[in-house]
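Okay, model23.txt now, which holds compact mmCIF, C-alpha atoms:
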```
# COMPACT_ATOMS: atom_id res chain seq x y z
CA MET A 1 -2.74 -15.33 -14.97
CA ASN A 2 0.68 -15.68 -13.36
CA ILE A 3 1.02 -13.31 -10.37
CA LYS A 4 4.42 -12.41 -8.94
CA VAL A 5 5.41 -10.01 -6.21
CA GLN A 6 9.03 -8.92 -6.28
CA LEU A 7 11.12 -6.54 -4.25
CA THR A 8 12.33 -3.78 -6.55
CA SER A 9 15.83 -2.38 -6.83
CA LYS A 10 16.73 1.27 -7.23
CA GLU A 11 17.22 0.55 -10.96
CA GLU A 12 13.59 -0.63 -11.17
CA SER A 13 12.18 2.15 -8.97
CA HIS A 14 10.91 4.06 -12.00
CA ILE A 15 8.20 1.42 -12.50
CA ILE A 16 6.59 2.06 -9.12
CA LYS A 17 7.18 5.80 -9.51
CA ASN A 18 5.36 5.72 -12.87
CA ILE A 19 2.35 4.00 -11.29
CA TYR A 20 2.31 6.12 -8.11
CA PRO A 21 0.48 9.18 -9.54
CA LEU A 22 -2.37 6.86 -10.61
CA TYR A 23 -2.57 5.63 -7.01
CA LEU A 24 -2.82 9.20 -5.72
CA TYR A 25 -5.49 9.96 -8.30
CA ASP A 26 -7.50 6.94 -7.13
CA LEU A 27 -7.13 8.05 -3.50
CA SER A 28 -8.59 11.45 -4.36
CA GLU A 29 -11.93 9.72 -4.90
CA HIS A 30 -11.97 8.46 -1.30
CA TYR A 31 -10.45 11.46 0.44
CA VAL A 32 -11.89 14.20 -1.77
CA ARG A 33 -8.47 15.64 -2.48
CA TYR A 34 -7.66 17.94 -5.33
CA PRO A 35 -4.40 18.41 -7.19
CA ASN A 36 -2.18 21.28 -6.14
CA VAL A 37 -1.81 24.43 -8.27
CA HIS A 38 0.61 22.54 -10.56
CA GLY A 39 -1.73 19.60 -11.19
CA ILE A 40 0.13 17.17 -8.90
CA TYR A 41 -1.73 15.18 -6.26
CA GLU A 42 0.29 16.40 -3.27
CA GLU A 43 -0.70 18.49 -0.28
CA SER A 44 2.02 21.04 -0.94
CA ASP A 45 2.36 23.39 -3.89
CA ASP A 46 6.14 22.82 -3.61
CA PHE A 47 5.73 19.84 -5.95
CA LYS A 48 5.74 21.32 -9.46
CA THR A 49 6.45 18.20 -11.53
CA LEU A 50 6.16 14.44 -11.21
CA SER A 51 9.95 14.45 -11.06
CA ASP A 52 9.72 16.43 -7.79
CA GLN A 53 7.35 13.77 -6.48
CA TYR A 54 9.73 11.00 -7.56
CA GLU A 55 12.54 12.48 -5.48
CA VAL A 56 10.50 12.16 -2.27
CA GLN A 57 9.82 8.50 -3.07
CA ASN A 58 13.53 7.66 -3.24
CA ILE A 59 13.53 6.82 0.48
CA TRP A 60 11.89 3.48 -0.41
CA TRP A 61 15.13 2.40 -2.11
CA GLU A 62 17.51 4.07 0.36
CA LYS A 63 16.43 2.11 3.47
CA PRO A 64 16.60 -1.58 2.41
CA ASP A 65 16.57 -2.84 6.01
CA SER A 66 13.31 -1.12 6.92
CA LEU A 67 11.38 -0.21 3.74
CA TYR A 68 10.29 -2.80 1.19
CA PRO A 69 8.96 -1.63 -2.20
CA PHE A 70 7.27 -4.62 -3.85
CA LEU A 71 6.09 -4.57 -7.45
CA ILE A 72 3.05 -6.66 -8.40
CA LEU A 73 3.42 -8.35 -11.78
CA ALA A 74 0.61 -10.04 -13.73
CA ASP A 75 2.02 -12.16 -16.55
CA ASP A 76 5.27 -10.22 -16.14
CA CYS A 77 3.57 -6.82 -16.66
CA PRO A 78 3.48 -4.17 -13.91
CA ALA A 79 0.07 -4.35 -12.24
CA GLY A 80 0.60 -2.44 -8.99
CA PHE A 81 2.72 -2.15 -5.87
CA ILE A 82 2.82 -2.88 -2.16
CA LEU A 83 5.02 -0.67 0.03
CA ILE A 84 5.85 -2.30 3.38
CA ALA A 85 7.45 -0.43 6.28
CA THR A 86 9.16 -1.73 9.42
CA SER A 87 10.62 0.03 12.44
CA PRO A 88 11.17 2.97 12.77
CA TYR A 89 8.48 3.65 10.14
CA CYS A 90 5.62 1.87 11.91
CA ALA A 91 3.97 1.79 15.32
CA GLU A 92 5.50 0.11 18.36
CA ASN A 93 4.74 -3.60 18.61
CA VAL A 94 4.27 -3.80 14.83
CA ASP A 95 6.81 -5.65 12.69
CA TYR A 96 5.29 -4.90 9.27
CA PHE A 97 3.00 -2.10 8.14
CA VAL A 98 1.26 -1.94 4.76
CA HIS A 99 2.10 1.67 3.96
CA GLU A 100 0.67 1.77 0.44
CA PHE A 101 -1.14 -0.82 -1.68
CA PHE A 102 -2.35 -0.28 -5.22
CA LEU A 103 -3.53 -2.33 -8.16
CA LEU A 104 -4.11 -0.78 -11.59
CA ARG A 105 -7.77 -0.80 -12.67
CA PRO A 106 -7.45 -3.30 -15.57
CA TYR A 107 -6.27 -5.93 -13.03
CA ARG A 108 -8.97 -5.41 -10.41
CA GLY A 109 -11.78 -7.84 -9.70
CA ARG A 110 -9.74 -10.93 -10.63
CA GLY A 111 -8.30 -11.92 -7.25
CA ILE A 112 -4.87 -10.53 -8.16
CA ALA A 113 -4.74 -8.06 -5.27
CA GLU A 114 -5.56 -10.73 -2.70
CA GLN A 115 -2.97 -13.10 -4.20
CA ALA A 116 -0.34 -10.35 -4.13
CA ALA A 117 -1.08 -9.36 -0.53
CA THR A 118 -0.94 -13.00 0.56
CA LYS A 119 2.39 -13.50 -1.21
CA VAL A 120 3.88 -10.55 0.69
CA PHE A 121 2.39 -11.71 4.02
CA GLU A 122 3.95 -15.12 3.45
CA GLN A 123 7.39 -13.62 2.78
CA LEU A 124 7.45 -11.57 5.98
CA LYS A 125 6.44 -13.21 9.26
CA GLY A 126 5.52 -11.13 12.28
CA LYS A 127 2.97 -8.72 13.71
CA TRP A 128 1.20 -6.86 10.91
CA GLU A 129 -0.85 -3.68 10.78
CA LEU A 130 -2.64 -1.99 7.94
CA PHE A 131 -5.38 0.55 7.77
CA THR A 132 -7.74 2.12 5.33
CA ASN A 133 -10.16 5.00 5.08
CA PRO A 134 -13.28 4.17 7.14
CA SER A 135 -15.63 6.46 5.18
CA GLU A 136 -18.63 5.40 3.10
CA ARG A 137 -16.69 6.38 -0.04
CA ASN A 138 -14.22 3.57 0.60
CA GLN A 139 -16.53 0.57 0.95
CA THR A 140 -14.61 -1.30 -1.74
CA GLY A 141 -11.29 -0.92 0.08
CA GLN A 142 -12.82 -1.91 3.40
CA ARG A 143 -14.42 -5.03 1.90
CA PHE A 144 -11.17 -5.94 0.17
CA TRP A 145 -9.06 -5.80 3.33
CA ARG A 146 -11.70 -7.49 5.47
CA LYS A 147 -11.96 -10.38 2.98
CA THR A 148 -8.22 -10.62 2.29
CA VAL A 149 -7.08 -10.57 5.92
CA SER A 150 -9.92 -12.85 7.03
CA ASN A 151 -9.14 -15.40 4.29
CA TYR A 152 -5.41 -15.24 4.99
CA ARG A 153 -5.76 -15.56 8.78
CA LYS A 154 -8.89 -17.74 8.70
CA GLY A 155 -10.72 -15.09 10.76
CA ASN A 156 -7.91 -14.75 13.33
CA TYR A 157 -7.28 -10.99 13.24
CA VAL A 158 -8.31 -7.77 14.97
CA GLU A 159 -10.35 -5.07 13.25
CA LEU A 160 -11.08 -1.72 14.90
CA ASN A 161 -11.78 1.93 14.21
CA ASP A 162 -9.23 4.10 15.95
CA ASP A 163 -6.99 7.15 15.68
CA THR A 164 -3.69 6.78 13.81
CA PHE A 165 -0.91 9.15 12.78
CA ASP A 166 -3.08 9.74 9.68
CA GLY A 167 -6.39 10.38 11.47
CA GLN A 168 -9.32 8.05 12.12
CA LYS A 169 -8.89 4.73 10.26
CA LEU A 170 -10.24 1.21 9.98
CA ILE A 171 -7.30 -0.82 11.33
CA PHE A 172 -6.49 -4.47 10.73
CA ARG A 173 -3.92 -6.31 12.87
CA PHE A 174 -2.72 -9.89 12.79
CA ASP A 175 0.27 -12.03 13.65
CA ASN A 176 1.25 -14.54 10.98
CA THR A 177 3.79 -16.31 13.18
CA GLU A 178 0.80 -17.94 14.92
CA LYS A 179 -1.11 -20.86 13.45
```

As structure tokens, what does this structure read like?
Amino acid sequence: MNIKVQLTSKEESHIIKNIYPLYLYDLSEHYVRYPNVHGIYEESDDFKTLSDQYEVQNIWWEKPDSLYPFLILADDCPAGFILIATSPYCAENVDYFVHEFFLLRPYRGRGIAEQAATKVFEQLKGKWELFTNPSERNQTGQRFWRKTVSNYRKGNYVELNDDTFDGQKLIFRFDNTEK
């Protein structure tokens, strides 16, 4: 299977926006979240339609110098996305932050996610941070990031449980400018 990761333009933003509700649905399994009163996976009842949700996501295509919306393609078909943030949308001393990462279920278990993450890491050199839910319900996500980052950095990374802007998380940090 041919895996590509490409930065999307505003004209292509609808592809990631179409996949995004599936990502939020998957997250509900790990965070025990329920849809709002309108059936949208958002914390606020202000979101009545998916179109409302799409509007909030527009920032990813309005800040091209600091937000990078990558689409994952498997044999030229949309398979997921990786949303990468830089300053001012990440912590101090971090160049790149994996804000969101998602692969559609039919593409999982084939090494596609690891290939996609590695392709993005290789495109952007610097100090990286990503985190995931540390709960028992997210063992798959924890194993994925531990394996992916360890393989990519040949074990040269930091892993810790700590507080973040989004609560307690399992954090991974590495610098891919180092050998």

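CA of Pro134 in chain A to CA of Lys169 in chain A spans 5.4 Å [interatomic distance, one decimal].
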
Exercise for the section: Considering all atoms listed in the file, return as JSON, numbers by chain whatever protein or nucleic-acid residues lie within 8 Å of Tyr157 in chain A, sequence-local ones (same chain, fewer than 5 positions apart) excluded. Expected result: {"A": [149, 150, 172, 173, 174, 175]}

Practice task
Determine, counting all atoms listed in the file, which protein, DNA and RNA residues have an atom within 8 Å of an atom of Asp95 in chain A; residues of the same chain fewer than 4 positions away are not included. Present the result as a list in words.
Solution key: Thr86, Ser87, Cys90, Gly126, Lys127 and Trp128 of chain A

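When all atoms listed in the file are used to measure the gap to Tyr54 in chain A, the shortest distance among A:Ile84, A:Ala79, A:Leu67, A:Ile15 belongs to A:Ile15.
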
Practice task
For each of A:Thr118, A:Gln57, A:Asn156, A:Asn138, take the minimum atom-to-atom distance to Ser28 in chain A, counting all atoms listed in the file, then give the residue where this is smallest.
Solution key: A:Asn138

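One distance worth recording is that between CA of Gly167 in chain A and CA of Ser44 in chain A, which is 18.4 Å.
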
Expected answer as an mmCIF file with C-alpha atoms, in the coordinates of the input: all residues with atoms within 10 Å of (1.5, 6.2, -9.0), all atoms listed in the file:
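Result file is part_22.cif:
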```cif
data_model
loop_
_atom_site.group_PDB
_atom_site.id
_atom_site.type_symbol
_atom_site.label_atom_id
_atom_site.label_comp_id
_atom_site.auth_asym_id
_atom_site.auth_seq_id
_atom_site.Cartn_x
_atom_site.Cartn_y
_atom_site.Cartn_z
ATOM 1 C CA ILE A 15 8.200 1.420 -12.500
ATOM 2 C CA ILE A 16 6.590 2.060 -9.120
ATOM 3 C CA LYS A 17 7.180 5.800 -9.510
ATOM 4 C CA ASN A 18 5.360 5.720 -12.870
ATOM 5 C CA ILE A 19 2.350 4.000 -11.290
ATOM 6 C CA TYR A 20 2.310 6.120 -8.110
ATOM 7 C CA PRO A 21 0.480 9.180 -9.540
ATOM 8 C CA LEU A 22 -2.370 6.860 -10.610
ATOM 9 C CA TYR A 23 -2.570 5.630 -7.010
ATOM 10 C CA LEU A 24 -2.820 9.200 -5.720
ATOM 11 C CA TYR A 25 -5.490 9.960 -8.300
ATOM 12 C CA ASP A 26 -7.500 6.940 -7.130
ATOM 13 C CA TYR A 41 -1.730 15.180 -6.260
ATOM 14 C CA LEU A 50 6.160 14.440 -11.210
ATOM 15 C CA GLN A 53 7.350 13.770 -6.480
ATOM 16 C CA TYR A 54 9.730 11.000 -7.560
ATOM 17 C CA GLY A 80 0.600 -2.440 -8.990
ATOM 18 C CA PHE A 81 2.720 -2.150 -5.870
ATOM 19 C CA PHE A 102 -2.350 -0.280 -5.220
ATOM 20 C CA LEU A 103 -3.530 -2.330 -8.160
ATOM 21 C CA LEU A 104 -4.110 -0.780 -11.590
#
```

How about completing range 123-149 of chain A with N, CA and C atoms and giving it to me as a PDB file, keeping the file's coordinate frame?
```pdb
ATOM      1  N   GLN A 123       5.941 -13.880   2.811  1.00  0.00           N
ATOM      2  CA  GLN A 123       7.390 -13.620   2.780  1.00  0.00           C
ATOM      3  C   GLN A 123       7.902 -13.035   4.092  1.00  0.00           C
ATOM      4  N   LEU A 124       7.042 -12.311   4.795  1.00  0.00           N
ATOM      5  CA  LEU A 124       7.450 -11.570   5.980  1.00  0.00           C
ATOM      6  C   LEU A 124       6.595 -11.996   7.175  1.00  0.00           C
ATOM      7  N   LYS A 125       7.181 -12.702   8.106  1.00  0.00           N
ATOM      8  CA  LYS A 125       6.440 -13.210   9.260  1.00  0.00           C
ATOM      9  C   LYS A 125       6.604 -12.279  10.452  1.00  0.00           C
ATOM     10  N   GLY A 126       5.480 -11.981  11.102  1.00  0.00           N
ATOM     11  CA  GLY A 126       5.520 -11.130  12.280  1.00  0.00           C
ATOM     12  C   GLY A 126       4.163 -10.524  12.579  1.00  0.00           C
ATOM     13  N   LYS A 127       4.189  -9.447  13.352  1.00  0.00           N
ATOM     14  CA  LYS A 127       2.970  -8.720  13.710  1.00  0.00           C
ATOM     15  C   LYS A 127       2.724  -7.649  12.655  1.00  0.00           C
ATOM     16  N   TRP A 128       1.566  -7.728  12.022  1.00  0.00           N
ATOM     17  CA  TRP A 128       1.200  -6.860  10.910  1.00  0.00           C
ATOM     18  C   TRP A 128       0.142  -5.844  11.322  1.00  0.00           C
ATOM     19  N   GLU A 129       0.203  -4.689  10.651  1.00  0.00           N
ATOM     20  CA  GLU A 129      -0.850  -3.680  10.780  1.00  0.00           C
ATOM     21  C   GLU A 129      -1.058  -3.034   9.411  1.00  0.00           C
ATOM     22  N   LEU A 130      -2.304  -2.776   9.114  1.00  0.00           N
ATOM     23  CA  LEU A 130      -2.640  -1.990   7.940  1.00  0.00           C
ATOM     24  C   LEU A 130      -3.911  -1.241   8.255  1.00  0.00           C
ATOM     25  N   PHE A 131      -4.109  -0.133   7.587  1.00  0.00           N
ATOM     26  CA  PHE A 131      -5.380   0.550   7.770  1.00  0.00           C
ATOM     27  C   PHE A 131      -5.827   1.211   6.497  1.00  0.00           C
ATOM     28  N   THR A 132      -7.116   1.533   6.507  1.00  0.00           N
ATOM     29  CA  THR A 132      -7.740   2.120   5.330  1.00  0.00           C
ATOM     30  C   THR A 132      -8.759   3.160   5.771  1.00  0.00           C
ATOM     31  N   ASN A 133      -9.180   3.958   4.833  1.00  0.00           N
ATOM     32  CA  ASN A 133     -10.160   5.000   5.080  1.00  0.00           C
ATOM     33  C   ASN A 133     -11.489   4.366   5.502  1.00  0.00           C
ATOM     34  N   PRO A 134     -12.051   4.775   6.658  1.00  0.00           N
ATOM     35  CA  PRO A 134     -13.280   4.170   7.140  1.00  0.00           C
ATOM     36  C   PRO A 134     -14.565   4.784   6.575  1.00  0.00           C
ATOM     37  N   SER A 135     -14.444   5.734   5.658  1.00  0.00           N
ATOM     38  CA  SER A 135     -15.630   6.460   5.180  1.00  0.00           C
ATOM     39  C   SER A 135     -16.477   5.613   4.229  1.00  0.00           C
ATOM     40  N   GLU A 136     -17.696   6.046   4.031  1.00  0.00           N
ATOM     41  CA  GLU A 136     -18.630   5.400   3.100  1.00  0.00           C
ATOM     42  C   GLU A 136     -18.057   5.335   1.684  1.00  0.00           C
ATOM     43  N   ARG A 137     -17.263   6.326   1.315  1.00  0.00           N
ATOM     44  CA  ARG A 137     -16.690   6.380  -0.040  1.00  0.00           C
ATOM     45  C   ARG A 137     -15.687   5.271  -0.304  1.00  0.00           C
ATOM     46  N   ASN A 138     -15.245   4.599   0.755  1.00  0.00           N
ATOM     47  CA  ASN A 138     -14.220   3.570   0.600  1.00  0.00           C
ATOM     48  C   ASN A 138     -14.738   2.175   0.948  1.00  0.00           C
ATOM     49  N   GLN A 139     -15.967   1.895   0.661  1.00  0.00           N
ATOM     50  CA  GLN A 139     -16.530   0.570   0.950  1.00  0.00           C
ATOM     51  C   GLN A 139     -15.763  -0.549   0.234  1.00  0.00           C
ATOM     52  N   THR A 140     -15.335  -0.289  -0.989  1.00  0.00           N
ATOM     53  CA  THR A 140     -14.610  -1.300  -1.740  1.00  0.00           C
ATOM     54  C   THR A 140     -13.297  -1.665  -1.049  1.00  0.00           C
ATOM     55  N   GLY A 141     -12.555  -0.672  -0.620  1.00  0.00           N
ATOM     56  CA  GLY A 141     -11.290  -0.920   0.080  1.00  0.00           C
ATOM     57  C   GLY A 141     -11.501  -1.645   1.399  1.00  0.00           C
ATOM     58  N   GLN A 142     -12.525  -1.254   2.119  1.00  0.00           N
ATOM     59  CA  GLN A 142     -12.820  -1.910   3.400  1.00  0.00           C
ATOM     60  C   GLN A 142     -13.181  -3.376   3.183  1.00  0.00           C
ATOM     61  N   ARG A 143     -14.038  -3.646   2.201  1.00  0.00           N
ATOM     62  CA  ARG A 143     -14.420  -5.030   1.900  1.00  0.00           C
ATOM     63  C   ARG A 143     -13.208  -5.856   1.465  1.00  0.00           C
ATOM     64  N   PHE A 144     -12.357  -5.234   0.637  1.00  0.00           N
ATOM     65  CA  PHE A 144     -11.170  -5.940   0.170  1.00  0.00           C
ATOM     66  C   PHE A 144     -10.294  -6.377   1.339  1.00  0.00           C
ATOM     67  N   TRP A 145      -9.960  -5.440   2.234  1.00  0.00           N
ATOM     68  CA  TRP A 145      -9.060  -5.800   3.330  1.00  0.00           C
ATOM     69  C   TRP A 145      -9.725  -6.759   4.304  1.00  0.00           C
ATOM     70  N   ARG A 146     -10.996  -6.575   4.572  1.00  0.00           N
ATOM     71  CA  ARG A 146     -11.700  -7.490   5.470  1.00  0.00           C
ATOM     72  C   ARG A 146     -11.664  -8.918   4.911  1.00  0.00           C
ATOM     73  N   LYS A 147     -11.956  -9.056   3.631  1.00  0.00           N
ATOM     74  CA  LYS A 147     -11.960 -10.380   2.980  1.00  0.00           C
ATOM     75  C   LYS A 147     -10.545 -10.955   2.909  1.00  0.00           C
ATOM     76  N   THR A 148      -9.591 -10.149   2.474  1.00  0.00           N
ATOM     77  CA  THR A 148      -8.220 -10.620   2.290  1.00  0.00           C
ATOM     78  C   THR A 148      -7.593 -11.064   3.594  1.00  0.00           C
ATOM     79  N   VAL A 149      -7.684 -10.227   4.627  1.00  0.00           N
ATOM     80  CA  VAL A 149      -7.080 -10.570   5.920  1.00  0.00           C
ATOM     81  C   VAL A 149      -7.822 -11.738   6.551  1.00  0.00           C
TER      82      VAL A 149
END
```
